[in-house]
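Engineer: After the structure tokens below, expect a handful of questions from me.
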Amino acid sequence: MPRTQNVLAAQWSPNGEALGSLDLTIPANQVFGLNVFSPAVQRQRLPKPVYQQLQATLARGEAIDTSLADQIAAAMKDWAMEKGATHFTHWFQPLTGSTAEKHDSFFAPTGEGTAIADFSGKELIQGEPDASSFPTGGIRATFEARGYTAWDPTSPAFILENPNGAVLCIPTAFASWTGEALDNKIPLLRSMDALSKSAVRALRLFGDSAAARVFTTVGPEQEYFLIDEQYYFERPDLINTGRTLFGAKPPKGHELDDHYFGSIPERVLACMLDVERELAKLGVPIKTRHNEVAPAQYEVAPVFENSNVGCDHQQIVMQVLQQVARRYGLVALLHEKPFAGVNGSGKHNNWSMGTDTGDNLLEPGDTPHDNLQFLFFCQAVISAVNKHQALLRASIASAGQDHRLGANEAPPAIISIFLGAELLKVFEALESGSGEGGTDKGFLGLGTEVLPRLPMHGGDRNRTSPFAFTGNKFEFRALGSAQSLSLPNTVLNTIVAESLDALSDRLEKALEGGASLEEAVPAIVREAWSADKAVVFEGDNYSDEWHREAESRGLQNLRTTPDALPWLVEGQTVDVFSQYGVLSQRELEARYEVQVEQYVVKVNIEAETAASIARTMLLPAAVRHLELLRAAEVPALVDETSALVDEFVNAIHALEAANATHQGDEGSIAHAQYMRDTVLPAMDAVRDVADRLEKIVADDLWPLPKYEEMLFIK
């Protein structure tokens, strides 16, 4: 029977949903932005004065005049209804880490037995989604259900299609009735404003009078697994927790490296094409796709976008991946570590700063040594990461991450920066005063005249580093696959704003004292580099030697989520977020409480699920196998299996006892520590025995699909 299930899972027939072979040189076949109320659509739909006023307001980063709202709402409604939308929703991002929506109909009865479609500016600008059950961390009392959504005009509205209709989604912020942020968007927008102000101030000192705003940009690389849905629905652990709580290591994993960048299986490629087509219609600019290291693991990545839009699009990417996969009999797994002993999934957050005049502030000039502005902005990032390394670690903390960070496919929990040989030489030359930081750009000799000589990239790669400079951006590699981009980018924007202001204060003082830029900037960068260079490490972040060296350098090693989360409410965190108006102390404390509670709840769900599967599925299978061995009179195997069954029963009892008795106030950090120190080890003990039993229990008795089936049958 198990083999029959595998054959069924491996069968697939094209469903006609994918892109197919359309002639994409014909403009009518291009679908990019088809379902987005983009500036191009706005230009067509809005009166010219309204469109110009809207775009000018957005370019200045100002609030929309309410006098425009009714005209924009009417145009948006007509456009959406032409695409089959009967409802609209304020699409927002509460503190659950996912998105939320409440659909309202465009149609209202007239009293004459008919209905009329209507959508006002008031409905566009503000909604009231109740909010009584969203996590708030104490910002809103239980009896105060009110929460408000506010239209974010900087992120275009879009249409989500369904086989039975469509809905207009309006990206919005979500706040309490007291005006405090209950979502991930409001702090991100505040942090972007803060960084823009600080960066423009620095640019003025460098003589740039043209740039009016600085935008941060993101280009996230999304890793994920695809497995056949038959196996998914046969695994209660995957359904309830997103990861396999049991599963022995298969004979073949990813040690042959044959899956990495390999030929994409036909079924998977068809799914990818369909995903990319849906994302193209939603204006998400997907650039790359490929097989990742682990079998059944893949990656998709867009090009750079404004951080706010990029974060919205990343939420859409995860949603579309999961929805479209089902059309192909697949399930997309976004958990950071769905399979123990197999490569986990991250989300590399490529981050940079750019002006509204088109300059990338992290793009070196002819040589980084000669580019004073680049060195100034680059040093600001280095100083920010060094000072707030623990906060950055806290921004990517979760129960799922604790299974991944520090493993061989992920950066360690220690936050450090990789600069690359060329850039490191520049900073070291500045520090020594040798003036020998400039390096000739080398070429890669490929050993045959048939192939061209390739210029060496100035930003070489170190895939073990959690925060690496890669040519014209920094790659924050430590984010988890299922995580929202918003908090890590909010932290990055805010701490870099603080660092830029600190350097600008010194530069301003030096210039006022009569120094030239050429004199002042190297001196300021040299001093800052000497103070912050401890956070820069070019070697193997996986090595034990680095852990010892990092400790000697005074770097934080926050191995688990309960270690990291308190840094959300540390004094220096409160100070920087308050100074730049990004998050108040009350808002920070709310996020801390929400994340601690979510850690406890997720681990508790895993523990309860593990105990249930072990007692009701795996233990009966082991006992049946033991009965067969006794009937067959094979004493050696009876003794082996009997000992494991006894050990398994004891481990299950210990886990159930750990689940029944929790320590610390509910949702407190002490509660989280109990889950980490007592419940998780009890789960691991149950799994250890179960995985040993899986290797000896008859295959037709074992009730869970195995790793070699889930990972390799495509």
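As shown in the structure tokens, the chain order sets the letters A, B, ...; within each chain, residues go from 1, and ligands are also counted from 1 in the order they appear.
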So which bits of stretch 241-448 of chain A end up alpha helix (DSSP H) when you DSSP the backbone, as a ChimeraX atom specification?

Structural biologist: /A:241,266-281,307-325,372-387,389-395,421-432

Engineer: Using C-alpha atoms, can you export the residues from the last selection as a PDB file, in the first residue's frame?

Structural biologist:
```pdb
ATOM      1  CA  THR A 241       2.918  23.242  12.950  1.00  0.00           C
ATOM      2  CA  GLU A 266       8.521  19.584 -14.953  1.00  0.00           C
ATOM      3  CA  ARG A 267       5.703  19.681 -12.418  1.00  0.00           C
ATOM      4  CA  VAL A 268       7.580  22.140 -10.213  1.00  0.00           C
ATOM      5  CA  LEU A 269       8.513  24.364 -13.157  1.00  0.00           C
ATOM      6  CA  ALA A 270       4.886  24.427 -14.297  1.00  0.00           C
ATOM      7  CA  CYS A 271       3.913  25.543 -10.801  1.00  0.00           C
ATOM      8  CA  MET A 272       6.660  28.181 -10.776  1.00  0.00           C
ATOM      9  CA  LEU A 273       5.526  29.563 -14.121  1.00  0.00           C
ATOM     10  CA  ASP A 274       1.981  29.834 -12.835  1.00  0.00           C
ATOM     11  CA  VAL A 275       3.165  31.523  -9.620  1.00  0.00           C
ATOM     12  CA  GLU A 276       5.227  34.017 -11.584  1.00  0.00           C
ATOM     13  CA  ARG A 277       2.325  34.772 -13.922  1.00  0.00           C
ATOM     14  CA  GLU A 278       0.028  35.490 -10.974  1.00  0.00           C
ATOM     15  CA  LEU A 279       2.696  37.638  -9.321  1.00  0.00           C
ATOM     16  CA  ALA A 280       3.339  39.491 -12.581  1.00  0.00           C
ATOM     17  CA  LYS A 281      -0.344  40.434 -12.757  1.00  0.00           C
ATOM     18  CA  SER A 307      10.985  48.942   1.127  1.00  0.00           C
ATOM     19  CA  ASN A 308       7.296  49.531   1.846  1.00  0.00           C
ATOM     20  CA  VAL A 309       6.104  48.141  -1.479  1.00  0.00           C
ATOM     21  CA  GLY A 310       8.703  45.369  -1.299  1.00  0.00           C
ATOM     22  CA  CYS A 311       7.439  44.258   2.112  1.00  0.00           C
ATOM     23  CA  ASP A 312       3.840  44.259   0.862  1.00  0.00           C
ATOM     24  CA  HIS A 313       4.873  42.282  -2.199  1.00  0.00           C
ATOM     25  CA  GLN A 314       6.726  39.757  -0.086  1.00  0.00           C
ATOM     26  CA  GLN A 315       3.524  38.987   1.823  1.00  0.00           C
ATOM     27  CA  ILE A 316       1.796  38.527  -1.535  1.00  0.00           C
ATOM     28  CA  VAL A 317       4.583  36.201  -2.740  1.00  0.00           C
ATOM     29  CA  MET A 318       4.078  33.872   0.234  1.00  0.00           C
ATOM     30  CA  GLN A 319       0.296  33.874  -0.216  1.00  0.00           C
ATOM     31  CA  VAL A 320       0.428  33.219  -3.965  1.00  0.00           C
ATOM     32  CA  LEU A 321       3.038  30.462  -3.543  1.00  0.00           C
ATOM     33  CA  GLN A 322       0.755  28.591  -1.178  1.00  0.00           C
ATOM     34  CA  GLN A 323      -2.387  29.123  -3.247  1.00  0.00           C
ATOM     35  CA  VAL A 324      -0.979  28.211  -6.653  1.00  0.00           C
ATOM     36  CA  ALA A 325       0.899  25.140  -5.397  1.00  0.00           C
ATOM     37  CA  LEU A 372      34.120  59.581   0.245  1.00  0.00           C
ATOM     38  CA  GLN A 373      30.326  59.590   0.213  1.00  0.00           C
ATOM     39  CA  PHE A 374      30.159  55.837  -0.222  1.00  0.00           C
ATOM     40  CA  LEU A 375      32.599  55.252   2.641  1.00  0.00           C
ATOM     41  CA  PHE A 376      30.617  57.593   4.874  1.00  0.00           C
ATOM     42  CA  PHE A 377      27.307  55.800   4.266  1.00  0.00           C
ATOM     43  CA  CYS A 378      28.921  52.366   4.427  1.00  0.00           C
ATOM     44  CA  GLN A 379      30.531  53.197   7.765  1.00  0.00           C
ATOM     45  CA  ALA A 380      27.170  54.381   9.072  1.00  0.00           C
ATOM     46  CA  VAL A 381      25.778  50.898   8.427  1.00  0.00           C
ATOM     47  CA  ILE A 382      28.768  49.229  10.096  1.00  0.00           C
ATOM     48  CA  SER A 383      28.432  51.444  13.180  1.00  0.00           C
ATOM     49  CA  ALA A 384      24.678  50.835  13.365  1.00  0.00           C
ATOM     50  CA  VAL A 385      25.015  47.050  13.153  1.00  0.00           C
ATOM     51  CA  ASN A 386      27.764  46.989  15.767  1.00  0.00           C
ATOM     52  CA  LYS A 387      25.816  49.079  18.264  1.00  0.00           C
ATOM     53  CA  GLN A 389      23.598  43.771  16.849  1.00  0.00           C
ATOM     54  CA  ALA A 390      21.386  42.289  19.577  1.00  0.00           C
ATOM     55  CA  LEU A 391      18.352  44.235  18.359  1.00  0.00           C
ATOM     56  CA  LEU A 392      18.910  42.954  14.813  1.00  0.00           C
ATOM     57  CA  ARG A 393      19.041  39.423  16.197  1.00  0.00           C
ATOM     58  CA  ALA A 394      15.793  40.041  18.089  1.00  0.00           C
ATOM     59  CA  SER A 395      14.129  41.327  14.918  1.00  0.00           C
ATOM     60  CA  ALA A 421      38.635  41.636   0.543  1.00  0.00           C
ATOM     61  CA  GLU A 422      38.632  44.825  -1.524  1.00  0.00           C
ATOM     62  CA  LEU A 423      36.455  46.929   0.762  1.00  0.00           C
ATOM     63  CA  LEU A 424      38.106  45.605   3.909  1.00  0.00           C
ATOM     64  CA  LYS A 425      41.486  46.664   2.524  1.00  0.00           C
ATOM     65  CA  VAL A 426      40.142  50.193   2.038  1.00  0.00           C
ATOM     66  CA  PHE A 427      39.005  50.526   5.648  1.00  0.00           C
ATOM     67  CA  GLU A 428      42.206  49.014   6.976  1.00  0.00           C
ATOM     68  CA  ALA A 429      44.256  51.425   4.843  1.00  0.00           C
ATOM     69  CA  LEU A 430      42.231  54.328   6.212  1.00  0.00           C
ATOM     70  CA  GLU A 431      42.880  53.157   9.754  1.00  0.00           C
ATOM     71  CA  SER A 432      46.611  52.759   9.205  1.00  0.00           C
TER      72      SER A 432
END
```

Engineer: Skip A:Thr216 itself and residues of its chain fewer than 4 positions away, then list as JSON, numbers by chain all residues within 12 Å of it, counting only C-alpha atoms.

Structural biologist: {"A": [188, 189, 191, 192, 193, 194, 195, 196, 197, 199, 304, 305, 306, 307, 308, 309, 310, 311, 349, 350, 351, 352, 353, 354, 355, 356, 359, 360, 361, 362, 473, 474, 489, 490, 492, 493, 494, 496, 497]}

Engineer: If we count only C-alpha atoms, what is near A:Arg591 at a cut-off of 9 Å, once residues fewer than 4 positions away on the same chain are taken out, given as a PyMOL selection string?

Structural biologist: chain A and resi 95+135-137+182+568+586-587+595-596

Engineer: How would the residues just picked look written out with C-alpha atoms as a CSV table (one decimal), in the first residue's frame?

Structural biologist:
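Contents of out-v5.csv, freshly written:
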```csv
chain,number,residue,atom,x,y,z
A,95,LEU,CA,1.1,41.5,14.6
A,135,PRO,CA,-2.7,40.5,19.3
A,136,THR,CA,-2.0,43.9,20.7
A,137,GLY,CA,0.3,43.3,23.7
A,182,LEU,CA,-1.0,47.7,15.8
A,568,LEU,CA,13.2,44.7,21.9
A,586,ARG,CA,4.4,51.3,24.9
A,587,GLU,CA,4.4,50.1,21.2
A,595,GLN,CA,6.3,37.8,20.3
A,596,VAL,CA,7.0,36.1,23.6
```

Engineer: So, counting only C-alpha atoms, which residue among A:Arg687, A:Asp646, A:Ser398, A:Thr470 is closest to A:Lys602?

Structural biologist: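 Nearest candidate to A:Lys602 out of A:Arg687, A:Asp646, A:Ser398, A:Thr470: A:Ser398.
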
Engineer: Between A:Thr609, A:Asn462, A:Asn6, A:Thr89, which one has atoms that come closest to A:Glu656, using only C-alpha atoms?

Structural biologist: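 So, comparing all the options, the nearest one is A:Thr609.
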
Engineer: Between A:Pro94, A:Pro566, A:Pro187, A:Gly471, which is the closest to A:Pro488 once you count only C-alpha atoms?

Structural biologist: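 Result for the nearest residue to A:Pro488: A:Pro187.
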
Engineer: Using only C-alpha atoms, can you tell me which of A:Gln579, A:Ser516, A:Gln52, A:Thr641 comes closest to A:Leu629?

Structural biologist: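 Nearest to A:Leu629: A:Thr641.
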
Engineer: If we count only C-alpha atoms, what is near A:Tyr224 at a cut-off of 7 Å, once residues fewer than 4 positions away on the same chain are taken out, given as a PyMOL selection string?

Structural biologist: chain A and resi 297-299+332-334+345+481

Engineer: To one decimal place in Å, what is the distance between atom CA of A:Met76 and atom CA of A:Thr99?

Structural biologist: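 Atom-to-atom, atom CA of A:Met76 and atom CA of A:Thr99 are spaced 21.5 Å apart.
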
Engineer: Hey, can you check how far atom CA of A:Asp501 sits from atom CA of A:Ala531?

Structural biologist: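 Calculated distance between atom CA of A:Asp501 and atom CA of A:Ala531 is 16.5 Å.
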
Engineer: With only C-alpha atoms as the basis for distance, which of A:Asp228, A:Val521, A:Gly514, A:Gly539 is at the shortest distance from A:Ala9?

Structural biologist: A:Asp228

Engineer: Atom CA of A:Ala28 and atom CA of A:Gln42 are how many Å apart?

Structural biologist: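 According to the coordinates, atom CA of A:Ala28 and atom CA of A:Gln42 are separated by 19.2 Å.
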
Engineer: Any idea what's packed within 8 Å of A:Phe206, counting only C-alpha atoms, ignoring anything in its chain fewer than 3 positions away? Could you give it as a CSV table (one decimal) with all heavy atoms, in the first residue's frame?

Structural biologist:
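Ended up saving to out-v6.csv:
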```
chain,number,residue,atom,x,y,z
A,202,ALA,N,22.9,64.3,5.5
A,202,ALA,CA,24.2,63.9,5.2
A,202,ALA,C,24.6,64.3,3.8
A,202,ALA,O,25.7,64.8,3.5
A,202,ALA,CB,24.4,62.4,5.4
A,203,LEU,N,23.7,64.1,2.9
A,203,LEU,CA,23.9,64.4,1.5
A,203,LEU,C,24.2,65.9,1.3
A,203,LEU,O,25.0,66.3,0.5
A,203,LEU,CB,22.8,64.0,0.6
A,203,LEU,CG,22.6,62.5,0.4
A,203,LEU,CD1,21.4,62.1,-0.4
A,203,LEU,CD2,23.8,61.9,-0.4
A,373,GLN,N,31.7,59.7,-0.2
A,373,GLN,CA,30.3,59.6,0.2
A,373,GLN,C,30.0,58.1,0.5
A,373,GLN,O,29.3,57.8,1.4
A,373,GLN,CB,29.4,60.2,-0.9
A,373,GLN,CG,28.0,60.1,-0.6
A,373,GLN,CD,27.1,60.9,-1.6
A,373,GLN,OE1,27.2,62.1,-1.7
A,373,GLN,NE2,26.4,60.1,-2.4
A,517,LEU,N,36.1,68.5,2.9
A,517,LEU,CA,35.5,67.1,2.9
A,517,LEU,C,36.6,66.1,2.8
A,517,LEU,O,36.6,65.0,3.5
A,517,LEU,CB,34.6,66.9,1.7
A,517,LEU,CG,33.1,67.3,1.9
A,517,LEU,CD1,32.4,67.2,0.6
A,517,LEU,CD2,32.5,66.5,3.0
```

Engineer: Which residues are close to A:Asn659, i.e. within 8 Å by only C-alpha atoms, leaving aside same-chain residues fewer than 2 positions away? Reply as a list in words.

Structural biologist: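 The contact residues come out as Asn604, Ala607, Glu608, Leu655, Glu656, Ala657, Thr661, His662 and Val679 of chain A.
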
Engineer: Apply DSSP to the backbone of this structure and, from stretch 224-359 of chain A, keep only the residues in strand (DSSP E or B); write these as an NGL selection string.

Structural biologist: :A and (224-228 or 286-291 or 297-302 or 305-306 or 330-333 or 346-355)

Engineer: Have a look at A:Phe261, A:Tyr707, A:Tyr599, A:Phe107 and name the one nearest to A:Arg235; count only C-alpha atoms.

Structural biologist: A:Tyr707

Engineer: Skip A:Lys287 itself and residues of its chain fewer than 6 positions away, then list as an MDAnalysis selection string all residues within 8 Å of it, counting only C-alpha atoms.

Structural biologist: chainID A and resid 300:303

Engineer: Keeping C-alpha atoms for every residue in the selection just given, could you write it to a file as a short mmCIF file (atom, residue, chain, number, x, y, z; two decimals), in the first residue's frame?

Structural biologist:
```
data_model
loop_
_atom_site.label_atom_id
_atom_site.label_comp_id
_atom_site.auth_asym_id
_atom_site.auth_seq_id
_atom_site.Cartn_x
_atom_site.Cartn_y
_atom_site.Cartn_z
CA VAL A 300 12.24 32.80 -5.99
CA ALA A 301 13.48 36.39 -5.89
CA PRO A 302 12.24 39.78 -7.15
CA VAL A 303 14.23 42.81 -8.21
#
```
